[in-house]
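Structure data (mmCIF, C-alpha atoms) from input.cif:
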data_input
loop_
_atom_site.label_atom_id
_atom_site.label_comp_id
_atom_site.auth_asym_id
_atom_site.auth_seq_id
_atom_site.Cartn_x
_atom_site.Cartn_y
_atom_site.Cartn_z
CA MET A 881 0.00 0.00 0.00
CA TRP A 882 2.73 2.44 0.96
CA ALA A 883 4.63 1.84 -2.28
CA ASP A 884 1.49 2.32 -4.39
CA LEU A 885 0.60 5.60 -2.70
CA ALA A 886 4.13 7.05 -2.49
CA PRO A 887 4.50 8.41 -6.07
CA ILE A 888 1.18 10.27 -6.12
CA GLY A 889 1.60 14.05 -6.06
CA ARG A 890 5.34 13.92 -5.41
CA ASP A 891 7.42 16.73 -6.91
CA LYS A 892 10.59 15.37 -8.47
CA SER A 893 12.60 18.54 -7.89
CA THR A 894 11.93 18.85 -4.15
CA GLY A 895 10.95 15.33 -3.13
CA GLY A 896 7.95 16.83 -1.34
CA TYR A 897 4.26 16.22 -1.88
CA ARG A 898 1.73 18.56 -3.47
CA ARG A 899 -1.55 16.77 -2.91
CA TYR A 900 -3.95 19.71 -2.88
CA ALA A 901 -7.73 19.43 -2.59
CA TRP A 902 -9.70 18.77 -5.75
CA THR A 903 -6.65 18.45 -8.03
CA ALA A 904 -5.40 15.57 -10.18
CA ALA A 905 -3.16 14.34 -7.34
CA ASP A 906 -6.13 14.42 -4.97
CA ALA A 907 -8.20 12.43 -7.48
CA ASP A 908 -5.44 9.80 -7.70
CA CYS A 909 -5.32 9.54 -3.89
CA ARG A 910 -9.08 9.12 -3.79
CA ALA A 911 -8.94 6.43 -6.47
CA TRP A 912 -6.27 4.63 -4.42
CA PHE A 913 -8.54 4.74 -1.34
CA ARG A 914 -11.52 3.38 -3.23
CA ALA A 915 -9.40 0.58 -4.72
CA GLN A 916 -8.23 -0.40 -1.21
CA ALA A 917 -11.84 -0.54 -0.02
CA GLN A 918 -12.97 -2.63 -2.98
CA ALA A 919 -10.01 -5.02 -2.68
CA ARG A 920 -11.19 -5.86 0.86
CA GLY A 921 -14.87 -6.16 0.01
CA LEU A 922 -15.68 -3.08 2.09
CA SER A 923 -18.76 -0.96 1.45
CA TYR A 924 -17.53 2.32 -0.10
CA GLU A 925 -19.22 5.70 0.40
CA LEU A 926 -18.48 9.27 -0.60
CA ASP A 927 -20.34 11.69 1.65
CA ARG A 928 -21.86 15.04 0.76
CA ASN A 929 -18.64 16.90 1.67
CA GLY A 930 -16.25 14.72 -0.31
CA ASN A 931 -15.04 12.61 2.62
CA GLN A 932 -14.46 8.92 1.82
CA TRP A 933 -15.66 5.97 3.90
CA ALA A 934 -14.94 2.25 3.68
CA TRP A 935 -17.21 0.12 5.89
CA GLN A 936 -16.76 -3.26 7.52
CA GLY A 937 -20.30 -4.14 8.60
CA ASP A 938 -23.55 -2.23 8.30
CA PRO A 939 -22.96 1.54 7.96
CA LEU A 940 -26.44 2.23 9.37
CA ALA A 941 -26.11 0.05 12.47
CA GLY A 942 -24.73 2.88 14.61
CA ASP A 943 -22.10 2.99 17.38
CA ALA A 944 -19.39 2.49 14.75
CA VAL A 945 -15.66 2.56 15.41
CA VAL A 946 -14.04 4.81 12.79
CA ILE A 947 -10.31 4.92 12.06
CA GLY A 948 -8.42 6.91 9.43
CA SER A 949 -6.96 10.33 8.70
CA HIS A 950 -6.34 12.31 5.48
CA LEU A 951 -4.36 12.01 2.23
CA ASP A 952 -3.79 15.65 1.20
CA SER A 953 -0.60 17.57 1.97
CA VAL A 954 0.89 20.98 2.64
CA PRO A 955 3.09 22.42 -0.13
CA ASP A 956 6.12 20.12 -0.42
CA GLY A 957 4.95 18.15 2.59
CA GLY A 958 6.21 14.82 3.83
CA ALA A 959 4.95 11.34 3.05
CA PHE A 960 3.68 10.47 6.54
CA ASP A 961 1.45 13.34 7.70
CA GLY A 962 -2.03 11.98 7.03
CA PRO A 963 -1.33 9.00 4.74
CA LEU A 964 0.31 7.02 7.57
CA GLY A 965 -3.04 7.07 9.38
CA VAL A 966 -5.02 5.89 6.35
CA VAL A 967 -2.55 3.17 5.31
CA SER A 968 -2.28 1.99 8.94
CA SER A 969 -6.07 1.81 9.22
CA PHE A 970 -6.39 -0.55 6.25
CA ALA A 971 -3.43 -2.54 7.59
CA ALA A 972 -5.02 -2.74 11.05
CA LEU A 973 -8.21 -4.08 9.51
CA ASP A 974 -6.13 -6.69 7.65
CA GLU A 975 -4.47 -7.64 10.94
CA LEU A 976 -7.83 -8.07 12.68
CA ARG A 977 -9.06 -10.31 9.89
CA ARG A 978 -5.86 -12.35 10.19
CA ARG A 979 -6.57 -12.73 13.91
CA GLY A 980 -10.07 -13.93 13.13
CA ALA A 981 -11.63 -11.06 15.07
CA GLU A 982 -15.41 -11.16 15.38
CA PHE A 983 -16.81 -7.66 15.02
CA THR A 984 -19.74 -6.64 17.21
CA ARG A 985 -19.73 -3.05 15.96
CA PRO A 986 -19.29 -1.70 12.43
CA VAL A 987 -15.84 -0.35 11.58
CA ALA A 988 -15.03 2.31 8.99
CA VAL A 989 -11.80 3.56 7.49
CA THR A 990 -12.05 7.20 6.41
CA ASN A 991 -10.19 9.81 4.39
CA PHE A 992 -11.24 13.34 5.34
CA GLY A 993 -10.89 15.87 2.51
CA ASP A 994 -8.72 18.99 2.53
CA GLU A 995 -7.36 18.58 6.06
CA GLU A 996 -4.26 20.69 5.49
CA GLY A 997 -6.03 23.62 3.85
CA ALA A 998 -3.11 24.14 1.48
CA ARG A 999 -5.24 25.24 -1.46
CA PHE A 1000 -8.03 27.32 0.09
CA GLY A 1001 -6.34 28.50 3.29
CA LEU A 1002 -8.70 26.80 5.78
CA ALA A 1003 -7.70 23.58 7.51
CA CYS A 1004 -9.99 20.57 7.99
CA VAL A 1005 -12.61 21.66 5.47
CA GLY A 1006 -14.14 18.20 5.09
CA SER A 1007 -14.56 17.55 8.80
CA ARG A 1008 -15.56 21.17 9.56
CA LEU A 1009 -18.38 20.94 7.03
CA ALA A 1010 -19.54 17.59 8.38
CA ALA A 1011 -19.53 18.86 11.97
CA GLY A 1012 -21.31 22.10 11.08
CA GLN A 1013 -18.32 24.24 12.06
CA LEU A 1014 -18.10 25.61 8.52
CA THR A 1015 -21.29 26.71 6.78
CA ALA A 1016 -21.88 26.11 3.10
CA ALA A 1017 -22.07 29.88 2.59
CA LYS A 1018 -18.62 30.41 4.13
CA ALA A 1019 -17.22 27.46 2.20
CA TYR A 1020 -18.47 28.98 -1.04
CA GLU A 1021 -16.41 32.08 -0.29
CA LEU A 1022 -13.13 30.14 -0.11
CA ARG A 1023 -10.77 30.77 -3.02
CA ASP A 1024 -7.33 29.54 -3.94
CA GLY A 1025 -4.39 31.66 -5.07
CA ASP A 1026 -5.65 31.67 -8.67
CA GLY A 1027 -9.10 32.89 -7.68
CA THR A 1028 -10.82 29.53 -8.16
CA SER A 1029 -13.60 29.06 -5.62
CA LEU A 1030 -14.12 25.86 -3.64
CA PRO A 1031 -17.39 25.02 -5.45
CA GLN A 1032 -15.73 25.63 -8.82
CA ALA A 1033 -12.88 23.29 -7.87
CA MET A 1034 -15.27 20.61 -6.64
CA GLU A 1035 -17.38 20.84 -9.77
CA ALA A 1036 -14.31 20.63 -12.00
CA ALA A 1037 -13.34 17.46 -10.15
CA GLY A 1038 -16.76 15.92 -10.80
CA TYR A 1039 -18.47 16.57 -7.45
CA ASP A 1040 -21.66 18.42 -6.64
CA PRO A 1041 -20.87 21.50 -4.50
CA ALA A 1042 -24.59 22.10 -3.91
CA ALA A 1043 -24.62 19.12 -1.54
CA ILE A 1044 -22.05 20.35 0.99
CA GLY A 1045 -23.09 21.09 4.54
CA PRO A 1046 -23.59 19.60 8.02
CA ASP A 1047 -23.90 15.82 8.19
CA PRO A 1048 -25.35 15.08 11.65
CA GLU A 1049 -26.96 11.80 10.62
CA ARG A 1050 -23.62 10.33 9.55
CA LEU A 1051 -21.82 11.57 12.65
CA ALA A 1052 -24.59 10.09 14.82
CA ARG A 1053 -23.55 6.65 13.55
CA ILE A 1054 -20.09 7.02 15.09
CA GLY A 1055 -19.41 5.70 18.58
CA ALA A 1056 -15.69 6.48 18.52
CA PHE A 1057 -13.15 7.95 16.09
CA VAL A 1058 -9.47 7.06 16.56
CA GLU A 1059 -6.96 8.83 14.32
CA LEU A 1060 -3.39 7.54 14.02
CA HIS A 1061 -0.81 10.16 13.03
CA VAL A 1062 2.93 10.51 12.80
CA GLU A 1063 4.11 12.60 15.75
CA GLN A 1064 4.92 16.19 14.79
CA GLY A 1065 7.58 16.63 17.40
CA ARG A 1066 10.19 14.57 19.27
CA ALA A 1067 8.53 13.64 22.55
CA LEU A 1068 8.37 9.92 21.70
CA ASP A 1069 11.92 9.93 20.41
CA LEU A 1070 13.10 11.46 23.67
CA SER A 1071 11.09 9.00 25.78
CA GLY A 1072 12.08 5.98 23.69
CA ASP A 1073 8.51 4.91 22.93
CA PRO A 1074 7.27 3.89 19.46
CA VAL A 1075 3.63 4.87 20.09
CA GLY A 1076 1.86 7.47 22.23
CA ILE A 1077 -1.67 8.66 22.99
CA ALA A 1078 -2.84 12.24 22.52
CA SER A 1079 -4.11 14.17 25.53
CA ALA A 1080 -5.12 17.50 23.96
CA ILE A 1081 -4.66 19.81 20.98
CA TRP A 1082 -3.50 23.35 21.69
CA PRO A 1083 -5.81 26.20 20.64
CA HIS A 1084 -4.64 27.57 17.32
CA GLY A 1085 -5.64 29.78 14.43
CA ARG A 1086 -4.66 31.62 11.26
CA TRP A 1087 -4.71 35.38 10.76
CA ARG A 1088 -4.19 37.34 7.55
CA TYR A 1089 -2.31 40.64 7.78
CA ASP A 1090 -2.75 43.09 4.87
CA PHE A 1091 -0.14 45.88 4.82
CA ARG A 1092 -1.01 48.55 2.22
CA GLY A 1093 1.50 51.18 1.18
CA GLU A 1094 2.36 52.92 -2.08
CA ALA A 1095 3.92 51.33 -5.16
CA ASN A 1096 6.87 53.27 -6.51
CA HIS A 1097 10.18 52.97 -8.33
CA ALA A 1098 12.86 51.15 -6.33
CA GLY A 1099 15.66 53.11 -7.96
CA THR A 1100 14.37 56.67 -7.95
CA THR A 1101 12.27 57.03 -4.81
CA ARG A 1102 14.12 58.47 -1.82
CA LEU A 1103 13.98 56.36 1.33
CA VAL A 1104 12.29 59.19 3.25
CA ASP A 1105 9.57 59.42 0.61
CA ARG A 1106 8.64 55.75 0.67
CA ARG A 1107 5.57 54.04 2.12
CA ASP A 1108 7.01 50.54 1.94
CA PRO A 1109 4.74 47.88 3.50
CA MET A 1110 7.49 45.28 3.32
CA LEU A 1111 9.37 47.00 6.15
CA THR A 1112 6.28 46.97 8.36
CA TYR A 1113 5.69 43.34 7.53
CA ALA A 1114 9.30 42.53 8.47
CA GLU A 1115 8.92 44.29 11.83
CA THR A 1116 5.75 42.27 12.45
CA VAL A 1117 7.52 38.98 11.72
CA LEU A 1118 10.17 39.85 14.31
CA ALA A 1119 7.49 40.93 16.78
CA ALA A 1120 5.73 37.58 16.36
CA ARG A 1121 8.92 35.73 17.22
CA ALA A 1122 9.49 37.93 20.27
CA GLN A 1123 5.92 37.44 21.54
CA ALA A 1124 6.17 33.69 21.13
CA GLN A 1125 9.47 33.54 23.00
CA LEU A 1126 8.04 35.55 25.89
CA THR A 1127 5.06 33.23 26.38
CA GLY A 1128 6.27 29.76 25.39
CA ALA A 1129 3.87 29.76 22.43
CA VAL A 1130 4.62 29.49 18.72
CA ALA A 1131 3.91 32.09 16.04
CA THR A 1132 4.86 31.77 12.39
CA PHE A 1133 4.47 33.89 9.28
CA GLY A 1134 4.86 31.12 6.72
CA LYS A 1135 3.05 32.47 3.68
CA ILE A 1136 3.35 35.81 1.90
CA SER A 1137 1.87 37.51 -1.16
CA VAL A 1138 3.32 40.72 -2.63
CA GLU A 1139 1.93 43.22 -5.16
CA PRO A 1140 3.08 44.18 -7.72
CA ASN A 1141 5.85 41.67 -6.92
CA GLY A 1142 8.57 43.27 -9.04
CA VAL A 1143 12.28 43.29 -8.19
CA ASN A 1144 12.56 46.99 -9.01
CA ALA A 1145 9.24 48.04 -7.47
CA ILE A 1146 8.34 49.12 -3.96
CA PRO A 1147 5.31 47.01 -3.01
CA SER A 1148 1.85 48.46 -2.75
CA LEU A 1149 0.56 45.47 -0.76
CA VAL A 1150 2.19 42.84 1.38
CA ARG A 1151 -0.14 40.15 2.63
CA GLY A 1152 1.18 37.76 5.25
CA TRP A 1153 -0.47 34.81 6.99
CA LEU A 1154 0.18 34.20 10.68
CA ASP A 1155 -0.19 30.78 12.31
CA SER A 1156 -0.10 30.82 16.10
CA ARG A 1157 -0.64 28.17 18.79
CA ALA A 1158 -0.32 28.01 22.56
CA ALA A 1159 -0.93 25.62 25.42
CA ASP A 1160 -3.98 27.57 26.64
CA GLN A 1161 -6.41 30.18 25.39
CA ASP A 1162 -5.22 33.06 27.60
CA THR A 1163 -1.66 32.66 26.35
CA LEU A 1164 -2.76 32.53 22.72
CA ASP A 1165 -4.92 35.65 23.18
CA ALA A 1166 -1.96 37.49 24.69
CA VAL A 1167 0.34 36.49 21.83
CA ILE A 1168 -2.11 37.52 19.12
CA ALA A 1169 -2.85 40.83 20.83
CA GLY A 1170 0.86 41.57 21.25
CA ILE A 1171 1.61 40.86 17.59
CA GLU A 1172 -1.24 43.01 16.33
CA THR A 1173 -0.30 45.89 18.64
CA ALA A 1174 3.29 45.79 17.40
CA ALA A 1175 2.11 45.66 13.79
CA ARG A 1176 -0.21 48.64 14.19
CA ASP A 1177 2.48 50.67 15.94
CA ALA A 1178 4.92 49.96 13.11
CA ALA A 1179 2.28 50.71 10.47
CA GLY A 1180 1.42 54.02 12.12
CA ARG A 1181 5.06 55.14 12.11
CA SER A 1182 5.44 54.36 8.40
CA GLY A 1183 2.10 55.54 7.01
CA ILE A 1184 0.96 52.00 6.22
CA ASP A 1185 -2.68 50.90 6.33
CA LEU A 1186 -3.20 47.61 8.15
CA THR A 1187 -6.10 45.17 8.10
CA VAL A 1188 -6.11 41.99 10.21
CA VAL A 1189 -8.57 39.18 9.47
CA ARG A 1190 -8.93 35.97 11.47
CA GLU A 1191 -9.39 33.29 8.83
CA SER A 1192 -9.73 30.26 11.08
CA PHE A 1193 -9.65 29.30 14.74
CA THR A 1194 -9.85 26.08 16.74
CA PRO A 1195 -10.19 26.22 20.53
CA VAL A 1196 -8.36 23.84 22.85
CA VAL A 1197 -9.43 20.23 22.40
CA GLU A 1198 -9.33 17.89 25.37
CA PHE A 1199 -9.86 14.43 23.96
CA GLU A 1200 -12.57 12.54 25.82
CA HIS A 1201 -10.93 11.18 28.94
CA ALA A 1202 -12.96 7.96 29.02
CA LEU A 1203 -11.92 7.00 25.49
CA ARG A 1204 -8.35 8.14 26.05
CA ASP A 1205 -8.15 6.04 29.23
CA GLU A 1206 -9.64 3.05 27.41
CA LEU A 1207 -6.92 3.30 24.76
CA ALA A 1208 -4.30 3.38 27.51
CA ARG A 1209 -5.84 0.28 29.10
CA LEU A 1210 -6.02 -1.60 25.81
CA LEU A 1211 -2.42 -0.79 24.92
CA GLY A 1212 -0.92 -1.15 28.39
CA GLY A 1213 -1.61 -4.82 28.81
CA GLU A 1214 -0.56 -6.96 31.75
CA GLY A 1215 2.98 -6.14 32.76
CA ALA A 1216 3.53 -3.72 29.86
CA PRO A 1217 4.85 -0.22 30.51
CA PRO A 1218 2.27 2.58 30.36
CA VAL A 1219 1.85 4.28 27.00
CA PRO A 1220 2.94 7.94 27.14
CA VAL A 1221 0.24 10.59 26.86
CA LEU A 1222 1.22 13.68 24.85
CA GLY A 1223 -0.18 17.10 24.08
CA THR A 1224 0.25 18.54 20.59
CA GLY A 1225 0.24 21.90 18.89
CA ALA A 1226 -0.94 20.45 15.56
CA GLY A 1227 -4.57 20.48 14.47
CA HIS A 1228 -6.34 17.34 13.23
CA ASP A 1229 -9.73 16.14 12.02
CA ALA A 1230 -10.06 14.29 15.33
CA GLY A 1231 -9.95 17.66 17.08
CA ILE A 1232 -12.68 19.10 14.87
CA LEU A 1233 -14.95 16.09 15.33
CA SER A 1234 -14.43 15.95 19.11
CA ALA A 1235 -17.33 18.34 19.67
CA ALA A 1236 -19.71 15.89 17.97
CA VAL A 1237 -18.33 12.39 18.66
CA PRO A 1238 -15.87 10.77 21.10
CA THR A 1239 -12.40 11.03 19.54
CA ALA A 1240 -8.87 9.96 20.37
CA MET A 1241 -5.46 9.91 18.70
CA LEU A 1242 -2.42 7.66 18.52
CA PHE A 1243 1.01 9.02 17.60
CA VAL A 1244 3.85 7.10 15.93
CA ARG A 1245 7.42 8.10 16.79
CA ASN A 1246 9.16 10.58 14.49
CA PRO A 1247 12.91 10.35 15.21
CA THR A 1248 13.72 13.84 13.90
CA GLY A 1249 10.53 15.64 14.89
CA VAL A 1250 10.45 17.18 11.41
CA SER A 1251 7.03 17.50 9.79
CA HIS A 1252 5.47 19.41 6.88
CA SER A 1253 8.73 18.74 5.05
CA PRO A 1254 10.14 16.04 2.76
CA ALA A 1255 12.42 15.10 5.70
CA GLU A 1256 9.43 13.86 7.69
CA TYR A 1257 10.07 10.25 8.69
CA ALA A 1258 9.03 7.26 10.74
CA ALA A 1259 10.94 3.97 10.89
CA GLU A 1260 9.24 0.88 9.48
CA ASP A 1261 9.36 -0.93 12.84
CA ASP A 1262 7.59 1.99 14.49
CA CYS A 1263 4.99 2.13 11.72
CA VAL A 1264 4.31 -1.58 12.26
CA ALA A 1265 4.03 -0.94 16.01
CA GLY A 1266 1.48 1.76 15.17
CA VAL A 1267 -0.55 -0.67 13.05
CA ARG A 1268 -0.54 -3.23 15.85
CA ALA A 1269 -1.57 -0.60 18.39
CA LEU A 1270 -4.41 0.59 16.15
CA ALA A 1271 -5.49 -3.02 15.59
CA ASP A 1272 -5.45 -3.66 19.35
CA VAL A 1273 -7.51 -0.56 20.01
CA THR A 1274 -10.00 -1.32 17.24
CA GLU A 1275 -10.35 -4.90 18.43
CA GLY A 1276 -10.94 -3.76 22.00
CA LEU A 1277 -13.58 -1.26 20.92
CA ALA A 1278 -15.31 -3.07 18.06
CA CYS A 1279 -14.97 -6.73 18.98
CA ALA A 1280 -15.83 -6.58 22.68
#
Taking this structure as input, can you express it in the form of structure tokens?
Amino acid sequence: MWADLAPIGRDKSTGGYRRYAWTAADADCRAWFRAQAQARGLSYELDRNGNQWAWQGDPLAGDAVVIGSHLDSVPDGGAFDGPLGVVSSFAALDELRRRGAEFTRPVAVTNFGDEEGARFGLACVGSRLAAGQLTAAKAYELRDGDGTSLPQAMEAAGYDPAAIGPDPERLARIGAFVELHVEQGRALDLSGDPVGIASAIWPHGRWRYDFRGEANHAGTTRLVDRRDPMLTYAETVLAARAQAQLTGAVATFGKISVEPNGVNAIPSLVRGWLDSRAADQDTLDAVIAGIETAARDAAGRSGIDLTVVRESFTPVVEFEHALRDELARLLGGEGAPPVPVLGTGAGHDAGILSAAVPTAMLFVRNPTGVSHSPAEYAAEDDCVAGVRALADVTEGLACA
């Protein structure tokens, strides 16, 4: 499975993946998922929001155990973020069949669409729509860098955008959702454990900063006569780093758009996207307020107009303690060491769905801690340990 999926959407020049929502690479990933479902005799479904489901047992029976993740990527992302969870879910189902497990609850493997938000700027679109956290009207407003709207992209890919929206009936069928994911950090590497359990997801969000100045000639305009928004943007980037260091949070300007974007032109507009996360809401609020204050002070000194727009936000997610504790019990076993429980600053579909269904997460060790990069990695032995852990958990929940 891993070898079949690996070439899809991979850029030969960087070695990274460019699996963006509703593109040819996304279509190939979806075809791979459907083929895996059919090869196992699973019942395949595509829901109203473009999320894929492969069912062992009756999809309408209720109280289902759902496992899976996503297949899309960030720009030049790694191979493991998302796909490891989907591949491991099919492999865990294979392992349970090998064990002769007798299912008492339906089990589904899922691929949630557009988790990374690389194309339209909003993460977890598929799960947000299903959970009612993103309205169809707001989804219709989403556009990519070329101006293509989400409904236009869906329609071009052969899907009906008129159908998108909340899916409470489907979510009501789910008794538990367990998402396996490569760890995006080094906690397991430092503790020496191949697998961990998630405790919570930090609150996090994305903010767009628009700095508007005056376009002019880079060679003839005196420095004192310039209204250069790039300088204000640069000051804001440094302020974000300073605020994060003061509070123990993280703040990153990782995307930028410049107009007119000429080497010999002073920009008229610099648009930068801020991603910030913190262990608690008060800390995140303080970081965001500090960054915006610094940006407005710098803009005022330089005659720059500033607009700040919050594009997305996810509050702190405490995974359901009962389900989390059950995972720990199922994986601990008699005489086995306890499985470490970790917090994370990364957002996931499991976090979005936690408001509607009981959710939990398993992490697989990442020896470098690198993620959202072609250097992202997990050793084969650890991936196998993740499959076995997911199989154990699924067996304990669905075969009891």
Q) When distances are computed from all atoms listed in the file, which of A:Ser1156, A:Ala1226, A:Ala901, A:Gly1134 shows the smallest separation from Ser1029 in chain A? A)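 Comparing A:Ser1156, A:Ala1226, A:Ala901, A:Gly1134 against Ser1029 in chain A, the winner is A:Ala901.
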**Q.** Among listed residues A:Thr1028, A:Pro1041, A:Ser1253, A:Ala1269, nearest Thr894 in chain A (using all atoms listed in the file)
**A.** A:Ser1253
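Each of A:Ile1168, A:Ala904, A:Ala1178, A:Ala998 was compared to Pro1109 in chain A using all atoms listed in the file, and A:Ala1178 turns out to be the nearest.
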Q: Quick one: pull the distance between CA of Val987 in chain A and CA of Phe913 in chain A, Å, one decimal.
A: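 Calculated distance between CA of Val987 in chain A and CA of Phe913 in chain A is 15.7 Å.
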Q) Which residues come within 7 Å of Gly962 in chain A, counting only C-alpha atoms, excluding same-chain residues fewer than 3 positions away, as an NGL selection string? A) :A and (949-951 or 965-966 or 1061)
(Q) Please expand the PyMOL selection byres ((chain A and resi 1003) around 12) into the concrete residues it hits in this file, giving the result as a ChimeraX atom specification. (A) /A:900-901,950,952-954,992-1002,1004-1009,1013-1014,1019,1022,1084-1086,1155,1191-1194,1226-1229,1231-1232
Q. Taking into account only C-alpha atoms, which residue in the set A:Ala1255, A:Ala1056, A:Met1110, A:Ala905 is nearest to Leu1203 in chain A?
A.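 Looking at the shortest contact to Leu1203 in chain A, the residue is A:Ala1056.
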**Q.** Length of the CA of Val1197 in chain A to CA of Leu1068 in chain A vector [Å]
**A.**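 Computing the Euclidean distance for CA of Val1197 in chain A and CA of Leu1068 in chain A yields 20.6 Å.
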Got a sec to check which residues sit within 12 Å of (-1.1, 14.2, 17.7), counting all atoms listed in the file, and write them as a compact mmCIF listing (two decimals) with C-alpha atoms, in the coordinates of the input?
# COMPACT_ATOMS: atom_id res chain seq x y z
CA SER A 949 -6.96 10.33 8.70
CA ASP A 961 1.45 13.34 7.70
CA GLY A 962 -2.03 11.98 7.03
CA GLY A 965 -3.04 7.07 9.38
CA VAL A 1058 -9.47 7.06 16.56
CA GLU A 1059 -6.96 8.83 14.32
CA LEU A 1060 -3.39 7.54 14.02
CA HIS A 1061 -0.81 10.16 13.03
CA VAL A 1062 2.93 10.51 12.80
CA GLU A 1063 4.11 12.60 15.75
CA GLN A 1064 4.92 16.19 14.79
CA GLY A 1065 7.58 16.63 17.40
CA ARG A 1066 10.19 14.57 19.27
CA ALA A 1067 8.53 13.64 22.55
CA LEU A 1068 8.37 9.92 21.70
CA VAL A 1075 3.63 4.87 20.09
CA GLY A 1076 1.86 7.47 22.23
CA ILE A 1077 -1.67 8.66 22.99
CA ALA A 1078 -2.84 12.24 22.52
CA SER A 1079 -4.11 14.17 25.53
CA ALA A 1080 -5.12 17.50 23.96
CA ILE A 1081 -4.66 19.81 20.98
CA TRP A 1082 -3.50 23.35 21.69
CA VAL A 1197 -9.43 20.23 22.40
CA GLU A 1198 -9.33 17.89 25.37
CA PHE A 1199 -9.86 14.43 23.96
CA VAL A 1221 0.24 10.59 26.86
CA LEU A 1222 1.22 13.68 24.85
CA GLY A 1223 -0.18 17.10 24.08
CA THR A 1224 0.25 18.54 20.59
CA GLY A 1225 0.24 21.90 18.89
CA ALA A 1226 -0.94 20.45 15.56
CA GLY A 1227 -4.57 20.48 14.47
CA HIS A 1228 -6.34 17.34 13.23
CA ASP A 1229 -9.73 16.14 12.02
CA ALA A 1230 -10.06 14.29 15.33
CA GLY A 1231 -9.95 17.66 17.08
CA THR A 1239 -12.40 11.03 19.54
CA ALA A 1240 -8.87 9.96 20.37
CA MET A 1241 -5.46 9.91 18.70
CA LEU A 1242 -2.42 7.66 18.52
CA PHE A 1243 1.01 9.02 17.60
CA VAL A 1244 3.85 7.10 15.93
CA ARG A 1245 7.42 8.10 16.79
CA ASN A 1246 9.16 10.58 14.49
CA SER A 1251 7.03 17.50 9.79
Q: I would like the residues chosen by the PyMOL selection byres ((chain A and resi 978-986) around 8) on the shown file; could you give them as a list of chain:residue names?
A: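 For this structure, the PyMOL selection byres ((chain A and resi 978-986) around 8) captures A:Trp935, A:Gln936, A:Gly937, A:Asp938, A:Pro939, A:Ala941, A:Gly942, A:Asp943, A:Ala944, A:Val945, A:Asp974, A:Glu975, A:Leu976, A:Arg977, A:Val987, A:Ala988, A:Glu1275, A:Ala1278, A:Cys1279, A:Ala1280.
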Q | Computed interatomic separation between CA of Gly1038 in chain A and CA of Thr903 in chain A (Å) | A | 10.8 Å
Q | Answer key for the PyMOL selection byres ((chain A and resi 968) around 8), residues as a list in words | A | Gly948, Leu964, Gly965, Val966, Val967, Ser969, Phe970, Ala971, Ala972, Leu1060, Cys1263, Gly1266, Val1267 and Leu1270 of chain A
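Minimum atom-to-atom distances from A:Tyr1113, A:Gly1249, A:Glu1021, A:Val1188 to Leu1070 in chain A were compared using only C-alpha atoms, and the lowest value belongs to A:Gly1249.
You can rank A:Ala1145, A:Ala1098, A:Ala886, A:Val1167 by their closest distance to Ala1129 in chain A using all atoms listed in the file, and at the top of that list sits A:Val1167.
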First collect every listed atom of range 1201-1220 of chain A; then fit an axis-aligned box around them, widen it by 4 Å on each side, and give centre and edge lengths in Å to one decimal, as lines of an AutoDock Vina configuration file.
center_x = -4.1
center_y = 2.1
center_z = 28.8
size_x = 25.8
size_y = 26.1
size_z = 16.0
**Q.** All residues 9 Å or closer to Ile888 in chain A, all atoms listed in the file, same chain fewer than 5 positions away omitted, as a list in words
**A.** Tyr897, Arg898, Arg899, Ala905, Asp906, Asp908 and Cys909 of chain A
Need to verify the contact set: Gly1093 in chain A, 7 Å, all atoms listed in the file, exclusion of same-chain residues closer than 2 positions in sequence. Can you return it as a short mmCIF file (atom, residue, chain, number, x, y, z; two decimals) with C-alpha atoms, in the coordinates of the input?
data_model
loop_
_atom_site.label_atom_id
_atom_site.label_comp_id
_atom_site.auth_asym_id
_atom_site.auth_seq_id
_atom_site.Cartn_x
_atom_site.Cartn_y
_atom_site.Cartn_z
CA PHE A 1091 -0.14 45.88 4.82
CA ALA A 1095 3.92 51.33 -5.16
CA ARG A 1107 5.57 54.04 2.12
CA ASP A 1108 7.01 50.54 1.94
CA PRO A 1109 4.74 47.88 3.50
CA SER A 1148 1.85 48.46 -2.75
CA LEU A 1149 0.56 45.47 -0.76
CA ILE A 1184 0.96 52.00 6.22
CA ASP A 1185 -2.68 50.90 6.33
#
